[in-house]
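**Q** Take a look at the following structure, please.
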Amino acid sequence: MSDQQDKAYWAKTSNLMYLMMGLWIFFGYAIHFFVTPLNSIKIAGFPLGFYMAAQGSLIAFVVMLFWFAKAQDKIDRDSGVAEDE
Amino acid sequence: MSDTRASGGDFTSNLGKIYGIYTGGFFGFIVLVGLLEAIGVPNRYLGYMFMGLTILVYAFIGIVTRTAEVGEYYVAGRKVPAFYNGMATGADWMSAASFIGMAGSLYLLGYDGLAFVLGWTGGYVLVAVLIAPFLRKFGAYTVPDFLSARYGGNTARMCGVMVLIACSFTYVVAQIFGTGLIAQRFLDMNFEIACFVGLAGILVCSMLGGMKAVTWTQVAQYIVLIVAYLIPVVIMSAKKFGLPIPQLTYGQALQQISDLENQFKANGLAPANMKIHTEAFTSYSPANYFWLIFCLMVGTASLPHVLMRYFTTPSVREARNSVAWSLFFIFLLYFTAPAYAAFSKLEVYSTLIGKPIADMPMWVYNWGKLGLITICGKAAASADAVREACSAVAGHAGVLRWQDFNINTDVVVISTPEIAGLPYVITGLVAAGGLAAALSTADGLLLAIANALSHDIYYKMINPNAPTKQRLIVSRILLVVVAAVAAYVASTRPSDILAMVSWAFSLAAGGLFPALVLGIWWKRATSQAAVWGILAGFGMTLFYLVITRYWPHVGVQYFGMSSLLNPVTGAPLISAADMAKHLADPAIANGPVLVSNPLASRVGWFNINNISSAAFGLPLGFLVMYVVSLLTPAPSKELQAFIDECRRPKGKTIMEEKTT
């Protein structure tokens, strides 16, 4: 593989990494800064701020990781560095 | 590795069938024990059946999957599919503390306890994106292997081994301690003997087959622990709200809790500053809450016994999928834990608080006898004991108030079947689940420690020419030795052991995270930088932990620490006058007063609790690595090529070992 392809591959991988870190910061921290105002919204008995920390963010993490595995695999394939099946 | 495929192929090619039958058999066994209970077999024997049979099954798997090959011993031959590796990681990850203690902490801390739920799940995002796939491509057997290859040499390897042992050993002691407690409580065994029985249970799983055997027993243990965790709370949810999905119905429980909290305050049954279950930042200040989440997340991504699970997948692609599955299986337990907490709290609030102290239900006395439930400050052993304790409280009207009642955090999960009026078989099931959680985590940790000693120190540093057979013998001997030492330490009942477990996360985060992440993502990171970064990050974290816990007076006198603040009022926990008095006290000034030091864990820098001590170590580790890297010559062309190789999934693993 040429140097240039190598660089392009790593740039794509890095961009995905930054996107994932952004989402991680959002669901891990940013949303919980607003727990007190969010708690005034109630859904099925759950105060929303509490719900986000107890379930919402967790669901987001799980979905994020399955999506990430797919997205990174697509980058690998498109760049020709995926492993043989 | 074609030669490794033949052995154990029958097992790995029939996984779905084997674990399907196993799960069905386990449900059948639960029904059988239930029938035995119905015809009057005493509870004690039912308990023995649960513990005995599950341990026998683990031992059986351990023996069937034994191996004499290095590749299988260290990384399970790299043929564990993502899905099963996810389950194994789930069991590896969730310890006795997660299984038994977490719901209790959530009961006690309310919203603030969710820091643990968030921290122990969100870390997997870092594992998947930043670290695991690259270590898998490299082909490491242990985490220090990678450090040594990336940072050229044994100094970095030694630093890695040091951090690994520091954070894994206390953790494994706590697991054996947990095993001992469960065996003691459910089988009436002597605690010291119970510790060594637990040790035997751990060794049969891991000694003969190393990683391969541990993997397949952990899958079995995951199934037991998740079934045991879900069944009681699902039944409780169905009984109370008519829907067997506790994760949805506990919203109604939260609503009722909140109504009751308001009633208590209005009726004088609780003080005005009572802890509101869903209100944020009543136990931790916002800064402490977010630093705790951060330290737990980064610690998750640095704990060697977790990272090494991803060395066992067949490919880099599978490693990424496997992290997603791991998180899914862990999530099943962690998003249920707050439901446990809410149901227990609702039960206590609606059936106990505001009722005459004379008619407490039977389960209160059952746990009160063990000192795990206190009323009016004394163990609630019987109706008389409760009456006596409350009559000693000035102005007590004989009605149970919110502040009178106290429940040990371990009891919440264990007592749920009893509170819900379920038969003993469910209690036995919960005990078996707790045991599975403790054993599986202990297995993973022991293997991590023993592998670091046998592979990194013995084979890589002392005797690189050791033949395969000898390496495996050394591994097994070291495994037994480490396990025996850990069991001995556990049997002495070290008072601080549970606190130390939460330290492991900060130590791993401060020590390993910068070196691992920069090693992959920053080509400019040099070997000297890694060594200094690990030493600085680990050293700083350890310093903050040890000083604030054991020598808080020294911290105040020489290192500019001050009292932590009350998260609600913002007032110092120790007033200036008290601080002066304590510091002048010769009993405190003369050295470490371990448990009784009144300043212990109540002083620090910037009001940061010591469980979040990587808040100092981690930034320092990154900073030192950055500065030293720029001051030392850039890594060689070969090393840069090596990093490129780690980043590309295609191709063989870089570290190739002779495996037979």
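Chain labels A, B, ... are given in the sequence in which chains occur in the structure tokens; within each chain residues are numbered consecutively from 1, and ligands are likewise numbered from 1 in the order shown.
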Considering only helix (DSSP H, G or I) as DSSP defines it on the backbone, what residues of stretch 30-73 of chain A qualify? List them as an NGL selection string.

**A** :A and (30-38 or 48-73)

**Q** Write out as a ChimeraX atom specification which residues come within 10 Å of B:Ala194 when counting only C-alpha atoms, dropping same-chain ones fewer than 5 positions away.

**A** /B:176-185,187-189,199-200,487,491

**Q** Just the number, please: distance in Å from atom CA of B:Thr217 to atom CA of B:Gly62, one decimal.

**A**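 Interatomic distance here is 6.5 Å.
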
**Q** Can you tell me, as a PyMOL selection string, what residues are no more than 12 Å from A:Phe66 when counting only C-alpha atoms, ignoring any on the same chain fewer than 2 positions away?

**A** (chain A and resi 20+59-64+68-73) or (chain B and resi 82-83+124-125+128-129+317-328)

**Q** Would you save the residues of that selection, restricted to C-alpha atoms, as a compact mmCIF listing (two decimals), in the first residue's frame?

**A**
```
# COMPACT_ATOMS: atom_id res chain seq x y z
CA MET A 20 -17.07 8.61 18.57
CA ILE A 59 -28.47 2.44 25.43
CA ALA A 60 -26.65 5.10 23.43
CA PHE A 61 -23.27 3.52 24.28
CA VAL A 62 -24.41 0.06 23.17
CA VAL A 63 -25.87 1.33 19.89
CA MET A 64 -22.77 3.46 19.28
CA PHE A 68 -18.83 1.83 15.17
CA ALA A 69 -17.85 -1.78 14.46
CA LYS A 70 -19.80 -1.57 11.18
CA ALA A 71 -18.53 1.87 10.19
CA GLN A 72 -14.88 1.06 10.86
CA ASP A 73 -15.22 -2.20 8.96
CA ALA B 82 -17.25 -12.11 19.25
CA PHE B 83 -20.58 -13.05 20.76
CA TYR B 124 -16.12 0.34 26.68
CA VAL B 125 -16.41 3.09 24.09
CA ALA B 128 -13.39 -0.26 21.27
CA VAL B 129 -12.29 2.95 19.62
CA ARG B 317 -12.99 -7.06 13.12
CA GLU B 318 -14.23 -9.60 15.64
CA ALA B 319 -12.42 -7.75 18.42
CA ARG B 320 -14.46 -4.62 17.68
CA ASN B 321 -17.71 -6.57 17.45
CA SER B 322 -16.78 -8.30 20.63
CA VAL B 323 -16.48 -5.04 22.57
CA ALA B 324 -19.98 -4.15 21.42
CA TRP B 325 -21.31 -7.53 22.57
CA SER B 326 -19.48 -7.20 25.88
CA LEU B 327 -21.11 -3.88 26.55
CA PHE B 328 -24.49 -5.29 25.59
```

**Q** Tell me, as a ChimeraX atom specification, which residues lie within 10 Å of stretch 28-44 of chain A, counting only C-alpha atoms; anything in the same chain fewer than 5 positions away does not count.

**A** /A:21-23,49-53,57-58,60-61 /B:111,115,118-119,121-123,248-252,254-255,278-281,286,289-291,293-294,297

**Q** Write to file, as a compact mmCIF listing (two decimals), in the first residue's frame, the residues of the selection just made, with N, CA and C atoms.

**A**
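Resulting contents of part.txt:
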```txt
# COMPACT_ATOMS: atom_id res chain seq x y z
N MET A 21 -15.62 9.96 19.97
CA MET A 21 -15.26 10.63 21.22
C MET A 21 -16.24 11.78 21.51
N GLY A 22 -16.69 12.45 20.44
CA GLY A 22 -17.67 13.52 20.61
C GLY A 22 -18.97 12.97 21.21
N LEU A 23 -19.43 11.87 20.62
CA LEU A 23 -20.67 11.25 21.12
C LEU A 23 -20.48 10.76 22.56
N GLY A 49 -33.77 13.49 33.56
CA GLY A 49 -32.34 13.56 33.91
C GLY A 49 -31.87 12.26 34.54
N PHE A 50 -32.67 11.73 35.45
CA PHE A 50 -32.36 10.46 36.09
C PHE A 50 -32.35 9.35 35.04
N TYR A 51 -33.36 9.37 34.16
CA TYR A 51 -33.48 8.32 33.15
C TYR A 51 -32.24 8.27 32.24
N MET A 52 -31.76 9.44 31.86
CA MET A 52 -30.60 9.47 30.96
C MET A 52 -29.40 8.78 31.60
N ALA A 53 -29.17 9.02 32.89
CA ALA A 53 -28.01 8.40 33.55
C ALA A 53 -28.26 6.91 33.82
N SER A 57 -28.21 6.96 28.39
CA SER A 57 -26.84 7.00 27.93
C SER A 57 -26.30 5.59 27.69
N LEU A 58 -26.75 4.65 28.52
CA LEU A 58 -26.26 3.27 28.38
C LEU A 58 -26.70 2.69 27.04
N ALA A 60 -27.43 4.40 24.45
CA ALA A 60 -26.65 5.10 23.43
C ALA A 60 -25.27 4.46 23.27
N PHE A 61 -24.61 4.12 24.36
CA PHE A 61 -23.27 3.52 24.28
C PHE A 61 -23.33 2.19 23.51
N TYR B 111 -29.51 9.19 42.79
CA TYR B 111 -28.96 9.59 41.49
C TYR B 111 -27.44 9.53 41.46
N ALA B 115 -23.25 7.30 38.88
CA ALA B 115 -21.88 7.50 38.40
C ALA B 115 -21.24 6.15 38.11
N LEU B 118 -22.82 4.61 34.87
CA LEU B 118 -22.29 5.28 33.68
C LEU B 118 -20.82 4.95 33.47
N GLY B 119 -20.05 5.03 34.55
CA GLY B 119 -18.60 4.86 34.44
C GLY B 119 -18.23 3.46 34.01
N THR B 121 -19.93 1.44 32.17
CA THR B 121 -20.36 1.07 30.83
C THR B 121 -19.66 1.92 29.77
N GLY B 122 -19.60 3.24 30.01
CA GLY B 122 -19.06 4.15 29.00
C GLY B 122 -17.60 3.88 28.68
N GLY B 123 -16.88 3.24 29.61
CA GLY B 123 -15.48 2.94 29.36
C GLY B 123 -15.27 2.06 28.15
N LEU B 248 -38.82 -0.99 32.71
CA LEU B 248 -39.85 -0.01 32.34
C LEU B 248 -40.71 0.36 33.53
N THR B 249 -41.07 -0.64 34.33
CA THR B 249 -42.05 -0.37 35.38
C THR B 249 -41.48 0.42 36.55
N TYR B 250 -40.14 0.46 36.69
CA TYR B 250 -39.66 1.14 37.89
C TYR B 250 -39.83 2.65 37.80
N GLY B 251 -40.21 3.15 36.63
CA GLY B 251 -40.59 4.56 36.55
C GLY B 251 -41.75 4.85 37.49
N GLN B 252 -42.73 3.92 37.51
CA GLN B 252 -43.85 4.09 38.43
C GLN B 252 -43.40 4.02 39.88
N LEU B 254 -40.49 4.94 40.94
CA LEU B 254 -39.83 6.22 41.24
C LEU B 254 -40.87 7.29 41.57
N GLN B 255 -41.97 7.27 40.81
CA GLN B 255 -43.05 8.22 41.04
C GLN B 255 -43.62 8.07 42.46
N THR B 278 -34.17 10.85 43.28
CA THR B 278 -33.77 11.22 41.92
C THR B 278 -33.06 12.56 41.86
N GLU B 279 -32.81 13.19 43.00
CA GLU B 279 -32.16 14.50 42.96
C GLU B 279 -30.65 14.34 42.83
N ALA B 280 -30.05 15.16 41.97
CA ALA B 280 -28.62 15.03 41.69
C ALA B 280 -27.76 15.76 42.72
N PHE B 281 -26.54 15.26 42.88
CA PHE B 281 -25.47 15.92 43.62
C PHE B 281 -25.78 16.11 45.11
N PRO B 286 -20.90 18.15 42.01
CA PRO B 286 -20.86 17.90 40.57
C PRO B 286 -19.46 17.54 40.08
N TYR B 289 -18.70 14.01 41.01
CA TYR B 289 -19.54 13.10 40.25
C TYR B 289 -18.93 12.87 38.86
N PHE B 290 -18.57 13.95 38.18
CA PHE B 290 -18.06 13.79 36.82
C PHE B 290 -16.64 13.24 36.80
N TRP B 291 -15.81 13.60 37.76
CA TRP B 291 -14.48 13.00 37.82
C TRP B 291 -14.56 11.51 38.11
N ILE B 293 -17.02 9.46 37.24
CA ILE B 293 -17.39 8.81 35.98
C ILE B 293 -16.16 8.69 35.08
N PHE B 294 -15.42 9.77 34.99
CA PHE B 294 -14.25 9.80 34.11
C PHE B 294 -13.21 8.76 34.54
N MET B 297 -14.41 5.25 33.78
CA MET B 297 -14.39 4.96 32.34
C MET B 297 -12.97 4.71 31.85
```

**Q** Write out as a list in words the residues lying within 9 Å of A:Tyr9, counting only C-alpha atoms and excluding same-chain residues fewer than 2 positions away.

**A** Gln4, Gln5, Asp6, Lys7, Ala11, Lys12, Thr13, Ser14, Ile75, Asp76, Asp78, Ser79 and Val81 of chain A; Arg648 of chain B

**Q** Create the file for the chosen residues now, containing N, CA and C atoms and written as a short mmCIF file (atom, residue, chain, number, x, y, z; two decimals), in the first residue's frame.

**A**
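The resulting file, again_16.cif, is reproduced below:
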```
data_model
loop_
_atom_site.label_atom_id
_atom_site.label_comp_id
_atom_site.auth_asym_id
_atom_site.auth_seq_id
_atom_site.Cartn_x
_atom_site.Cartn_y
_atom_site.Cartn_z
N GLN A 4 0.39 7.33 0.47
CA GLN A 4 -0.76 8.23 0.40
C GLN A 4 -2.06 7.53 0.82
N GLN A 5 -2.21 6.29 0.33
CA GLN A 5 -3.40 5.52 0.71
C GLN A 5 -3.42 5.30 2.22
N ASP A 6 -2.23 5.02 2.73
CA ASP A 6 -2.07 4.82 4.15
C ASP A 6 -2.58 6.02 4.93
N LYS A 7 -2.14 7.20 4.47
CA LYS A 7 -2.53 8.45 5.15
C LYS A 7 -4.03 8.66 5.06
N ALA A 11 -6.62 8.92 8.11
CA ALA A 11 -7.41 10.13 8.30
C ALA A 11 -8.88 9.77 8.51
N LYS A 12 -9.36 8.81 7.70
CA LYS A 12 -10.76 8.39 7.85
C LYS A 12 -10.98 7.75 9.23
N THR A 13 -10.03 6.87 9.59
CA THR A 13 -10.15 6.21 10.89
C THR A 13 -10.14 7.24 12.02
N SER A 14 -9.26 8.23 11.91
CA SER A 14 -9.18 9.26 12.95
C SER A 14 -10.48 10.05 13.03
N ILE A 75 -14.81 1.31 6.43
CA ILE A 75 -13.60 2.05 6.09
C ILE A 75 -12.48 1.09 5.71
N ASP A 76 -12.32 0.03 6.51
CA ASP A 76 -11.27 -0.96 6.23
C ASP A 76 -11.44 -1.56 4.83
N ASP A 78 -13.23 -0.39 2.22
CA ASP A 78 -13.07 0.59 1.15
C ASP A 78 -11.62 0.92 0.91
N SER A 79 -10.80 0.88 1.97
CA SER A 79 -9.40 1.22 1.81
C SER A 79 -8.54 0.00 1.50
N VAL A 81 -7.82 -2.52 3.43
CA VAL A 81 -6.98 -3.05 4.51
C VAL A 81 -7.75 -4.01 5.41
N ARG B 648 -3.20 -1.09 10.79
CA ARG B 648 -3.87 -1.73 9.65
C ARG B 648 -4.36 -3.11 10.05
#
```

**Q** One decimal, Å: what's the distance from atom CA of B:Phe335 over to atom CA of B:Ala238, could you say?

**A**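 It comes out at 17.4 Å.
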
**Q** Considering only C-alpha atoms, return as a PyMOL selection string whatever protein or nucleic-acid residues lie within 7 Å of stretch 84-97 of chain B, sequence-local ones (same chain, fewer than 6 positions apart) excluded.

**A** chain B and resi 175+178+215+218-219+221-222+306+309+322-323+325-326+329-330+434+437-438+440-441+444

**Q** When you count only C-alpha atoms, which of these residues is closest to chain B: A:Tyr18, A:Asp3, A:Trp67, A:Gln55?

**A**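 Looking only at the distances to chain B, the closest residue turns out to be A:Gln55.
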
**Q** As number ranges by chain, please: the residues near stretch 346-352 of chain B (cut-off 12 Å, only C-alpha atoms, same-chain neighbours under 2 positions excluded).

**A** B: 107, 236-237, 240, 250-264, 269-270, 277, 339-344, 354-364, 373, 375, 399-407, 412, 415-416, 418-421

**Q** Name the residues of stretch 271-431 of chain B that fall into strand (DSSP E) according to DSSP on the backbone, using the chain letters and numbers of this document, as a list of chain:residue names.

**A**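 Put together, the selection reads B:Ile373, B:Thr374, B:Ile375, B:Lys378, B:Ala379, B:Phe405, B:Asn406, B:Ile407.
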
**Q** From the options A:Ser2, A:Asp84, A:Gly45, A:Asn15, which residue's atoms come nearest to chain B, counting only C-alpha atoms?

**A** A:Gly45

**Q** Could you tell me how far atom CA of B:Gly104 sits from atom CA of B:Gly377, in Å to one decimal place?

**A**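 Here the two named atoms are 18.8 Å from each other.
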